[in-house]
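Undergrad: data.pdb is reproduced in full below (PDB, C-alpha atoms).
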MODEL        1
ATOM      1  CA  MET A1411       7.550  29.370 -10.994
ATOM      2  CA  SER A1412      11.071  30.816 -10.894
ATOM      3  CA  GLU A1413      13.635  29.215 -13.164
ATOM      4  CA  PRO A1414      16.547  27.323 -11.592
ATOM      5  CA  ALA A1415      19.970  28.180 -12.960
ATOM      6  CA  VAL A1416      20.478  24.554 -14.024
ATOM      7  CA  ARG A1417      17.894  22.208 -15.546
ATOM      8  CA  GLY A1418      18.042  18.686 -14.152
ATOM      9  CA  PRO A1419      16.754  15.318 -15.425
ATOM     10  CA  LEU A1420      13.776  15.497 -13.051
ATOM     11  CA  ASP A1421      12.761  18.904 -14.345
ATOM     12  CA  HIS A1422       9.553  17.919 -16.147
ATOM     13  CA  VAL A1423       8.608  15.366 -13.492
ATOM     14  CA  LEU A1424       8.829  17.979 -10.737
ATOM     15  CA  ARG A1425       7.242  20.714 -12.824
ATOM     16  CA  HIS A1426       4.317  18.385 -13.510
ATOM     17  CA  ASN A1427       4.041  17.586  -9.822
ATOM     18  CA  SER A1428       3.865  21.247  -8.865
ATOM     19  CA  TRP A1429       1.559  22.208 -11.747
ATOM     20  CA  ALA A1430      -0.876  19.389 -10.929
ATOM     21  CA  THR A1431      -1.001  20.137  -7.216
ATOM     22  CA  ILE A1432      -1.628  23.840  -7.797
ATOM     23  CA  ALA A1433      -4.257  23.065 -10.478
ATOM     24  CA  LEU A1434      -6.038  20.738  -8.064
ATOM     25  CA  LEU A1435      -5.923  23.265  -5.211
ATOM     26  CA  GLU A1436      -7.236  26.046  -7.444
ATOM     27  CA  PHE A1437     -10.005  23.755  -8.699
ATOM     28  CA  CYS A1438     -10.999  22.892  -5.139
ATOM     29  CA  ARG A1439     -10.865  26.543  -4.041
ATOM     30  CA  ALA A1440     -13.599  27.279  -6.575
ATOM     31  CA  LEU A1441     -15.888  24.526  -5.257
ATOM     32  CA  ASP A1442     -18.730  24.981  -2.809
ATOM     33  CA  PRO A1443     -16.777  24.957   0.503
ATOM     34  CA  ALA A1444     -19.041  22.164   1.769
ATOM     35  CA  MET A1445     -17.499  19.901  -0.873
ATOM     36  CA  LEU A1446     -14.160  20.117   0.950
ATOM     37  CA  GLU A1447     -15.663  17.838   3.581
ATOM     38  CA  ALA A1448     -16.578  15.177   0.982
ATOM     39  CA  GLN A1449     -15.096  11.716   1.367
ATOM     40  CA  ALA A1450     -14.804   8.475  -0.564
ATOM     41  CA  VAL A1451     -14.365   5.116   1.063
ATOM     42  CA  GLY A1452     -10.838   3.724   0.873
ATOM     43  CA  THR A1453      -9.059   7.069   0.475
ATOM     44  CA  TYR A1454      -7.013   9.097   2.964
ATOM     45  CA  GLY A1455      -9.909  11.092   4.440
ATOM     46  CA  GLU A1456     -12.046  14.074   3.501
ATOM     47  CA  LEU A1457     -11.028  16.214   0.520
ATOM     48  CA  TYR A1458      -9.667  19.119   2.570
ATOM     49  CA  GLY A1459      -7.594  16.844   4.803
ATOM     50  CA  THR A1460      -6.140  15.136   1.737
ATOM     51  CA  LEU A1461      -5.109  18.468   0.209
ATOM     52  CA  GLN A1462      -3.593  19.699   3.459
ATOM     53  CA  HIS A1463      -1.681  16.447   3.918
ATOM     54  CA  LEU A1464      -0.447  16.588   0.320
ATOM     55  CA  VAL A1465       1.109  20.052   0.765
ATOM     56  CA  GLY A1466       2.185  19.518   4.370
ATOM     57  CA  ALA A1467       4.123  16.391   3.506
ATOM     58  CA  GLU A1468       5.932  18.144   0.659
ATOM     59  CA  GLN A1469       6.834  20.936   3.059
ATOM     60  CA  ALA A1470       8.290  18.287   5.359
ATOM     61  CA  TYR A1471      10.162  16.503   2.514
ATOM     62  CA  VAL A1472      11.824  19.699   1.293
ATOM     63  CA  LEU A1473      12.877  20.799   4.792
ATOM     64  CA  PRO A1474      15.761  18.292   5.174
ATOM     65  CA  LEU A1475      16.757  18.839   1.534
ATOM     66  CA  THR A1476      17.154  22.582   1.952
ATOM     67  CA  GLY A1477      17.229  23.295   5.669
ATOM     68  CA  GLU A1478      14.402  25.742   4.996
ATOM     69  CA  LEU A1479      10.737  25.710   5.933
ATOM     70  CA  LEU A1480       9.124  26.797   2.679
ATOM     71  CA  GLY A1481       5.857  28.648   2.856
ATOM     72  CA  ARG A1482       4.194  29.943   5.977
ATOM     73  CA  PRO A1483       2.804  28.785   8.243
ATOM     74  CA  ARG A1484       4.078  25.274   8.843
ATOM     75  CA  ILE A1485       1.261  22.983   7.706
ATOM     76  CA  ARG A1486      -0.005  21.047  10.694
ATOM     77  CA  LYS A1487      -2.604  18.306  10.682
ATOM     78  CA  ASP A1488      -4.428  19.704  13.694
ATOM     79  CA  GLN A1489      -4.799  23.204  12.211
ATOM     80  CA  ARG A1490      -6.997  24.433   9.392
ATOM     81  CA  HIS A1491      -5.094  26.345   6.729
ATOM     82  CA  SER A1492      -6.765  28.260   3.924
ATOM     83  CA  LEU A1493      -6.487  26.947   0.395
ATOM     84  CA  ASP A1494      -4.751  30.232  -0.441
ATOM     85  CA  ASP A1495      -2.060  29.335   2.119
ATOM     86  CA  LEU A1496      -1.757  25.827   0.684
ATOM     87  CA  ILE A1497      -1.413  27.217  -2.851
ATOM     88  CA  ALA A1498       1.277  29.710  -1.792
ATOM     89  CA  THR A1499       3.211  26.975  -0.007
ATOM     90  CA  ALA A1500       2.854  24.566  -2.945
ATOM     91  CA  LYS A1501       4.255  27.222  -5.282
ATOM     92  CA  ALA A1502       7.251  27.849  -3.021
ATOM     93  CA  ILE A1503       7.941  24.121  -2.718
ATOM     94  CA  GLY A1504       7.650  23.567  -6.449
ATOM     95  CA  ALA A1505      10.232  26.209  -7.273
ATOM     96  CA  ARG A1506      12.673  25.085  -4.593
ATOM     97  CA  ALA A1507      12.380  21.378  -5.402
ATOM     98  CA  LEU A1508      13.417  22.160  -8.981
ATOM     99  CA  SER A1509      16.539  23.952  -7.784
ATOM    100  CA  VAL A1510      17.463  21.139  -5.410
ATOM    101  CA  ALA A1511      16.968  18.427  -8.027
ATOM    102  CA  ALA A1512      19.018  20.349 -10.578
ATOM    103  CA  ILE A1513      22.166  20.599  -8.458
ATOM    104  CA  ASP A1514      22.031  18.067  -5.625
ATOM    105  CA  ASP A1515      23.512  14.562  -5.646
ATOM    106  CA  VAL A1516      20.805  11.887  -5.496
ATOM    107  CA  THR A1517      23.145   9.555  -3.621
ATOM    108  CA  ARG A1518      23.907  12.080  -0.862
ATOM    109  CA  ARG A1519      22.630  10.900   2.518
ATOM    110  CA  ILE A1520      20.904  13.473   4.670
ATOM    111  CA  GLU A1521      19.304  13.576   8.090
ATOM    112  CA  MET A1522      15.527  13.371   8.162
ATOM    113  CA  ASN A1523      13.308  13.473  11.217
ATOM    114  CA  GLU A1524      13.631  11.257  14.286
ATOM    115  CA  GLY A1525      17.273  10.477  13.555
ATOM    116  CA  ARG A1526      16.558   8.757  10.264
ATOM    117  CA  GLN A1527      18.733   9.173   7.201
ATOM    118  CA  SER A1528      17.834   8.966   3.530
ATOM    119  CA  THR A1529      19.418   9.604   0.194
ATOM    120  CA  VAL A1530      18.308  12.741  -1.619
ATOM    121  CA  GLY A1531      17.022  10.583  -4.490
ATOM    122  CA  VAL A1532      14.616   8.595  -2.339
ATOM    123  CA  ILE A1533      13.166  11.770  -0.828
ATOM    124  CA  LEU A1534      12.580  13.189  -4.304
ATOM    125  CA  ALA A1535      11.037   9.877  -5.444
ATOM    126  CA  GLN A1536       8.773   9.932  -2.384
ATOM    127  CA  LEU A1537       7.768  13.530  -3.086
ATOM    128  CA  ILE A1538       6.772  12.537  -6.641
ATOM    129  CA  HIS A1539       4.993   9.361  -5.527
ATOM    130  CA  HIS A1540       3.218  11.081  -2.651
ATOM    131  CA  GLY A1541       1.928  13.956  -4.767
ATOM    132  CA  ASN A1542       0.529  11.663  -7.425
ATOM    133  CA  GLU A1543      -0.924   9.281  -4.829
ATOM    134  CA  HIS A1544      -2.881  11.909  -2.916
ATOM    135  CA  ARG A1545      -3.968  13.824  -6.003
ATOM    136  CA  ALA A1546      -5.376  10.501  -7.233
ATOM    137  CA  GLN A1547      -7.221  10.126  -3.936
ATOM    138  CA  ALA A1548      -8.580  13.669  -4.251
ATOM    139  CA  THR A1549      -9.851  12.959  -7.770
ATOM    140  CA  THR A1550     -11.374   9.708  -6.517
ATOM    141  CA  ILE A1551     -13.275  11.711  -3.873
ATOM    142  CA  LEU A1552     -14.408  14.230  -6.494
ATOM    143  CA  GLY A1553     -15.518  11.492  -8.884
ATOM    144  CA  ALA A1554     -17.295   9.528  -6.164
ATOM    145  CA  ASN A1555     -19.237  12.688  -5.295
ATOM    146  CA  GLY A1556     -20.325  13.472  -8.840
ATOM    147  CA  ILE A1557     -17.740  16.120  -9.709
ATOM    148  CA  GLU A1558     -15.635  15.737 -12.842
ATOM    149  CA  PRO A1559     -12.053  16.243 -11.643
ATOM    150  CA  PRO A1560      -9.661  18.548 -13.471
ATOM    151  CA  PRO A1561      -7.110  16.965 -15.845
ATOM    152  CA  LEU A1562      -3.931  16.494 -13.824
ATOM    153  CA  SER A1563      -1.811  14.141 -15.930
ATOM    154  CA  ALA A1564       1.601  14.991 -17.326
ATOM    155  CA  TRP A1565      -0.063  15.030 -20.750
ATOM    156  CA  GLY A1566      -2.170  17.907 -19.408
ATOM    157  CA  TYR A1567       0.953  19.620 -18.082
ATOM    158  CA  GLY A1568       2.704  19.238 -21.433
ATOM    159  CA  ARG A1569      -0.229  20.801 -23.268
ATOM    160  CA  ALA A1570      -0.582  23.572 -20.674
ATOM    161  CA  VAL A1571       3.016  24.671 -21.167
ATOM    162  CA  GLY A1572       2.796  24.248 -24.947
ATOM    163  CA  ILE A1573       5.455  21.594 -25.485
ATOM    164  CA  SER A1574       3.413  18.439 -26.141
ATOM    165  CA  GLU A1575       0.541  17.276 -28.330
ATOM    166  CA  ALA A1576      -0.224  14.203 -26.222
ATOM    167  CA  GLU A1577      -3.740  13.691 -24.909
ATOM    168  CA  GLU A1578      -5.319  11.009 -22.754
TER     169      GLU A1578
ATOM    170  CA  MET B1216      22.093   5.647 -10.088
ATOM    171  CA  SER B1217      21.110   8.686 -12.152
ATOM    172  CA  ASP B1218      18.508  11.211 -11.045
ATOM    173  CA  LEU B1219      15.765   9.785 -13.256
ATOM    174  CA  ALA B1220      16.719   6.205 -12.502
ATOM    175  CA  VAL B1221      15.600   6.665  -8.886
ATOM    176  CA  PRO B1222      11.858   7.258  -9.526
ATOM    177  CA  ILE B1223      11.927   4.812 -12.463
ATOM    178  CA  GLU B1224      13.410   2.037 -10.319
ATOM    179  CA  TYR B1225      10.841   2.872  -7.659
ATOM    180  CA  ASP B1226       8.022   2.592 -10.219
ATOM    181  CA  ASN B1227       9.351  -0.802 -11.295
ATOM    182  CA  TRP B1228       9.438  -2.060  -7.715
ATOM    183  CA  ALA B1229       5.991  -0.743  -6.772
ATOM    184  CA  THR B1230       4.255  -1.954  -9.923
ATOM    185  CA  GLU B1231       5.755  -5.437  -9.648
ATOM    186  CA  LYS B1232       4.841  -5.595  -5.971
ATOM    187  CA  LEU B1233       1.212  -4.685  -6.631
ATOM    188  CA  ALA B1234       0.977  -6.960  -9.684
ATOM    189  CA  GLN B1235       2.111  -9.921  -7.605
ATOM    190  CA  PHE B1236      -0.261  -8.989  -4.809
ATOM    191  CA  CYS B1237      -3.258  -8.623  -7.143
ATOM    192  CA  ALA B1238      -2.481 -11.859  -8.977
ATOM    193  CA  ALA B1239      -2.641 -13.726  -5.663
ATOM    194  CA  LEU B1240      -6.133 -12.421  -4.857
ATOM    195  CA  SER B1241      -9.231 -14.530  -5.495
ATOM    196  CA  PRO B1242     -11.274 -13.868  -8.670
ATOM    197  CA  GLU B1243     -13.989 -12.368  -6.469
ATOM    198  CA  GLN B1244     -11.520  -9.973  -4.883
ATOM    199  CA  ARG B1245     -10.059  -9.028  -8.269
ATOM    200  CA  ALA B1246     -13.565  -7.993  -9.354
ATOM    201  CA  LEU B1247     -13.909  -5.480  -6.500
ATOM    202  CA  THR B1248     -13.922  -1.733  -7.082
ATOM    203  CA  THR B1249     -14.909   1.510  -5.338
ATOM    204  CA  PRO B1250     -16.637   4.657  -6.655
ATOM    205  CA  GLY B1251     -14.414   7.310  -8.191
ATOM    206  CA  THR B1252     -11.741   4.904  -9.475
ATOM    207  CA  MET B1253     -11.336   3.567 -13.019
ATOM    208  CA  GLY B1254     -12.829   0.113 -12.416
ATOM    209  CA  THR B1255     -12.061  -3.231 -10.845
ATOM    210  CA  ILE B1256      -8.758  -4.300  -9.321
ATOM    211  CA  GLU B1257      -8.128  -6.536 -12.334
ATOM    212  CA  ALA B1258      -8.968  -3.860 -14.913
ATOM    213  CA  THR B1259      -6.862  -1.258 -13.094
ATOM    214  CA  LEU B1260      -3.829  -3.542 -12.913
ATOM    215  CA  ILE B1261      -4.117  -4.530 -16.573
ATOM    216  CA  HIS B1262      -4.413  -0.864 -17.562
ATOM    217  CA  LEU B1263      -1.449   0.082 -15.355
ATOM    218  CA  VAL B1264       0.838  -2.495 -16.981
ATOM    219  CA  GLY B1265      -0.713  -2.120 -20.452
ATOM    220  CA  ALA B1266       0.037   1.604 -20.407
ATOM    221  CA  LYS B1267       3.592   0.888 -19.261
ATOM    222  CA  GLU B1268       3.933  -1.350 -22.344
ATOM    223  CA  ARG B1269       2.919   1.579 -24.544
ATOM    224  CA  TYR B1270       5.273   4.029 -22.844
ATOM    225  CA  ALA B1271       8.174   1.589 -23.337
ATOM    226  CA  ALA B1272       7.193   1.045 -26.981
ATOM    227  CA  ALA B1273       6.964   4.794 -27.640
ATOM    228  CA  LEU B1274      10.409   5.322 -26.125
ATOM    229  CA  GLN B1275      11.775   2.596 -28.420
ATOM    230  CA  GLY B1276       9.864   3.832 -31.471
ATOM    231  CA  THR B1277       8.236   0.438 -31.943
ATOM    232  CA  ALA B1278       4.863  -1.210 -31.462
ATOM    233  CA  PRO B1279       4.331  -3.202 -28.237
ATOM    234  CA  PRO B1280       5.417  -6.859 -28.622
ATOM    235  CA  ASP B1281       2.946  -9.646 -29.400
ATOM    236  CA  ASP B1282       2.876 -10.795 -25.778
ATOM    237  CA  ALA B1283       2.344  -7.285 -24.422
ATOM    238  CA  VAL B1284      -0.410  -6.698 -21.877
ATOM    239  CA  ARG B1285      -3.437  -5.132 -23.568
ATOM    240  CA  GLU B1286      -6.660  -3.942 -21.965
ATOM    241  CA  THR B1287      -8.677  -5.452 -24.819
ATOM    242  CA  THR B1288      -7.309  -9.008 -24.705
ATOM    243  CA  THR B1289      -5.320  -9.763 -21.541
ATOM    244  CA  LYS B1290      -7.070 -11.983 -18.995
ATOM    245  CA  ASP B1291      -4.187 -13.875 -17.399
ATOM    246  CA  LEU B1292      -2.689 -12.022 -14.430
ATOM    247  CA  GLY B1293       0.272 -14.402 -14.531
ATOM    248  CA  GLN B1294       1.096 -12.816 -17.888
ATOM    249  CA  VAL B1295       0.691  -9.370 -16.318
ATOM    250  CA  VAL B1296       3.177 -10.247 -13.551
ATOM    251  CA  ALA B1297       5.657 -11.646 -16.089
ATOM    252  CA  ARG B1298       5.369  -8.621 -18.365
ATOM    253  CA  ALA B1299       5.690  -6.232 -15.403
ATOM    254  CA  LYS B1300       9.016  -7.925 -14.614
ATOM    255  CA  LYS B1301      10.174  -7.706 -18.244
ATOM    256  CA  LEU B1302       9.186  -4.048 -18.390
ATOM    257  CA  SER B1303      11.090  -3.389 -15.163
ATOM    258  CA  GLU B1304      14.196  -4.879 -16.740
ATOM    259  CA  TRP B1305      13.774  -2.756 -19.853
ATOM    260  CA  PHE B1306      13.121   0.475 -17.960
ATOM    261  CA  ALA B1307      16.050  -0.160 -15.581
ATOM    262  CA  GLY B1308      18.385  -0.458 -18.561
ATOM    263  CA  PHE B1309      16.805   2.538 -20.244
ATOM    264  CA  ALA B1310      17.226   4.688 -17.129
ATOM    265  CA  LYS B1311      20.939   3.878 -16.962
ATOM    266  CA  GLY B1312      21.498   5.296 -20.428
ATOM    267  CA  ASP B1313      22.351   8.808 -21.473
ATOM    268  CA  LEU B1314      18.863  10.261 -21.885
ATOM    269  CA  ASP B1315      18.118  13.160 -24.194
ATOM    270  CA  LEU B1316      14.965  14.450 -22.534
ATOM    271  CA  ASP B1317      14.337  16.937 -25.341
ATOM    272  CA  ARG B1318      14.276  14.237 -28.034
ATOM    273  CA  VAL B1319      10.867  14.261 -29.729
ATOM    274  CA  ILE B1320       8.908  11.055 -29.188
ATOM    275  CA  GLU B1321       5.963  10.067 -31.355
ATOM    276  CA  ARG B1322       2.992   8.274 -29.870
ATOM    277  CA  ARG B1323      -0.242   7.058 -31.404
ATOM    278  CA  GLY B1324      -3.212   8.645 -29.647
ATOM    279  CA  ALA B1325      -6.503   6.945 -28.881
ATOM    280  CA  ASP B1326      -8.005   8.678 -31.927
ATOM    281  CA  GLY B1327      -5.294   7.255 -34.205
ATOM    282  CA  THR B1328      -3.425  10.516 -34.647
ATOM    283  CA  THR B1329       0.308  10.831 -34.139
ATOM    284  CA  GLN B1330       1.180  12.947 -31.108
ATOM    285  CA  ARG B1331       4.629  14.410 -30.522
ATOM    286  CA  MET B1332       6.207  15.289 -27.209
ATOM    287  CA  PRO B1333       9.650  15.661 -25.611
ATOM    288  CA  MET B1334      10.894  12.507 -23.931
ATOM    289  CA  GLY B1335      10.829  14.326 -20.594
ATOM    290  CA  ILE B1336       7.058  14.709 -20.826
ATOM    291  CA  LEU B1337       6.527  11.054 -21.657
ATOM    292  CA  ILE B1338       8.627  10.020 -18.656
ATOM    293  CA  ALA B1339       6.719  12.412 -16.386
ATOM    294  CA  GLN B1340       3.462  10.886 -17.647
ATOM    295  CA  PHE B1341       4.756   7.340 -17.164
ATOM    296  CA  LEU B1342       5.678   8.106 -13.543
ATOM    297  CA  HIS B1343       2.417   9.961 -12.890
ATOM    298  CA  HIS B1344       0.324   7.205 -14.444
ATOM    299  CA  GLY B1345       1.894   4.459 -12.375
ATOM    300  CA  ASN B1346       1.468   6.357  -9.141
ATOM    301  CA  GLU B1347      -2.099   7.345  -9.991
ATOM    302  CA  HIS B1348      -3.347   3.848 -10.702
ATOM    303  CA  ARG B1349      -1.447   2.283  -7.825
ATOM    304  CA  ALA B1350      -3.237   4.861  -5.635
ATOM    305  CA  GLN B1351      -6.565   3.778  -7.110
ATOM    306  CA  LEU B1352      -5.727   0.170  -6.303
ATOM    307  CA  GLY B1353      -4.899   1.299  -2.765
ATOM    308  CA  SER B1354      -8.316   2.971  -2.508
ATOM    309  CA  ILE B1355     -10.089  -0.164  -3.753
ATOM    310  CA  PHE B1356      -8.182  -2.318  -1.261
ATOM    311  CA  GLY B1357      -9.003   0.070   1.572
ATOM    312  CA  ALA B1358     -12.674   0.293   0.628
ATOM    313  CA  ASN B1359     -12.969  -3.481   0.635
ATOM    314  CA  GLY B1360     -11.021  -4.350   3.762
ATOM    315  CA  ILE B1361      -7.975  -5.724   1.949
ATOM    316  CA  GLU B1362      -4.669  -4.846   3.596
ATOM    317  CA  PRO B1363      -2.314  -3.905   0.763
ATOM    318  CA  PRO B1364       1.468  -4.233   0.792
ATOM    319  CA  HIS B1365       3.440  -1.086   1.568
ATOM    320  CA  TYR B1366       4.435   0.470  -1.724
ATOM    321  CA  SER B1367       5.605   4.024  -0.996
ATOM    322  CA  ALA B1368       9.004   5.258  -2.156
ATOM    323  CA  PHE B1369      10.092   5.404   1.477
ATOM    324  CA  HIS B1370       9.343   1.688   1.856
ATOM    325  CA  TRP B1371      11.300   1.038  -1.332
ATOM    326  CA  GLY B1372      14.168   3.076   0.101
ATOM    327  CA  HIS B1373      14.077   0.997   3.286
ATOM    328  CA  GLU B1374      14.255  -2.243   1.326
ATOM    329  CA  LEU B1375      17.284  -0.961  -0.571
ATOM    330  CA  GLY B1376      19.007   0.393   2.521
ATOM    331  CA  LYS B1377      18.805   3.941   1.194
ATOM    332  CA  ILE B1378      16.887   4.933   4.327
ATOM    333  CA  SER B1379      18.142   4.071   7.771
TER     334      SER B1379
ENDMDL
END
Mind turning the file's structure into structure tokens?
TA:
Amino acid sequence: MSEPAVRGPLDHVLRHNSWATIALLEFCRALDPAMLEAQAVGTYGELYGTLQHLVGAEQAYVLPLTGELLGRPRIRKDQRHSLDDLIATAKAIGARALSVAAIDDVTRRIEMNEGRQSTVGVILAQLIHHGNEHRAQATTILGANGIEPPPLSAWGYGRAVGISEAEE
Amino acid sequence: MSDLAVPIEYDNWATEKLAQFCAALSPEQRALTTPGTMGTIEATLIHLVGAKERYAAALQGTAPPDDAVRETTTKDLGQVVARAKKLSEWFAGFAKGDLDLDRVIERRGADGTTQRMPMGILIAQFLHHGNEHRAQLGSIFGANGIEPPHYSAFHWGHELGKIS
């Protein structure tokens, strides 16, 4: 992930979000492809659809923040994108979200879709919430189908980057 | 509101909202679960708030208070709702302060060892943990035909007038 010129208060939160999403996508890429169709009752849908929604929504959140569509192609619900495409887009989003959070004003109001407006801070909070929510659903699907999910907590992120001793 | 205060205030709102919702369920409903999650609605909520107690205590360099929610002893969801509110108040004040995210925090691990981490990592874990277990509650509700309250950050933003 490229380094933003300025480090903001959300730095570790957003780095964890990006690290965890990419770790989950890479874990799922190594699974038997049939497992991508697995489901668990009460979650968003099948595993692949959850992963695609997770990345597609972040692409949509970052668009009004930056004016840029990050990653190609645009992630659409009615199209099947490869996990390689989702990983590349997740990496681009992760780097750009860090830059935005480091320099933008969380109280600034911006235009979203369908004429709605939001503050920058709420969009970033939604991005963080949404990533954690759907990764949790993905790990629920994995667990319900007998697969031990990868560690995706911020403790895991802290250990992975060598700055924390904390474990579950 | 500072940058970190936004997701922290959202966590406070969402956790309190779900605590109140779960406390109003019947005992039979609170015992429901679904495969792949950590356990029942009641156990998940108690763990969610119990962990928040420990994150707050670690940030203060103290032990959790006597009336803290604990997975091993807490049975009363009224206490969980009350402590969730108290924790919200503490975290809201904390988030307004001048935070040194590189300050080393010590935390007692499950194996009794002392673990050290920058404050920024502990806050990232606190936010992750809340979202993760609220998502598990959402899955249990969905699997059992219970319509949950809306608890996304966008819904929070709507309530505060930050989204129009």
Undergrad: Using all atoms listed in the file and a distance of at most 9 Å, pull out the residues of chain A that contact chain B, as a PyMOL selection string.
TA: chain A and resi 1418-1424+1426-1427+1450-1454+1511+1515-1517+1519+1525-1529+1531-1547+1549-1556+1563-1565+1567-1568+1573-1578
Undergrad: For A:Ile1432, which of A:Ala1505, A:Ile1557, A:Ala1500, A:Val1530 is the closest residue, counting all atoms listed in the file?
TA: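 Among the listed residues, the smallest separation from A:Ile1432 belongs to A:Ala1500.
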Undergrad: If you measure from atom CA of A:Arg1569 to atom CA of B:Ala1266, what distance in Å do you get, rounded to one decimal?
TA: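 Here the two named atoms are 19.4 Å from each other.
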Undergrad: Set the distance at 9 Å and use all atoms listed in the file: which residues neighbour A:Arg1417 once local chain neighbours fewer than 4 positions away are removed? I'd like the list as a list of chain:residue names.
TA: A:Glu1413, A:Asp1421, A:Leu1508, A:Ser1509, A:Ala1511, A:Ala1512, A:Ile1513
Undergrad: If the PyMOL selection byres ((chain A and resi 1468-1484) around 6) were run on this exact file, what residues would it hold? Put them as a list in words.
TA: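 For this structure, the PyMOL selection byres ((chain A and resi 1468-1484) around 6) resolves to Val1465, Gly1466, Ala1467, Ile1485, Thr1499 and Met1522 of chain A.
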Undergrad: Atom CA of A:Gln1489 to atom CA of A:Tyr1458: how many Å, to one decimal?
TA: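 Atom CA of A:Tyr1458 lies at a distance of 11.5 Å from atom CA of A:Gln1489.
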Undergrad: Contacts of B:Ala1239 at 10 Å or less, counting all atoms listed in the file, minus same-chain residues fewer than 5 places along, as a list in words?
TA: Leu1233, Ala1234, Gln1244, Arg1245, Leu1292 and Gly1293 of chain B
Undergrad: Using only the atoms of stretch 1544-1554 of chain A listed in the file, plus 8 Å on each side, state the axis-aligned box centre and edge lengths in Å rounded to one decimal, as AutoDock Vina command-line options.
TA:
--center_x -10.1 --center_y 11.9 --center_z -5.9 --size_x 30.4 --size_y 20.7 --size_z 22.0
Undergrad: Under the rule that all atoms listed in the file are counted, which of B:Thr1287, B:Ser1303, B:Thr1255, B:Gln1275 is the nearest residue to B:Cys1237?
TA: B:Thr1255
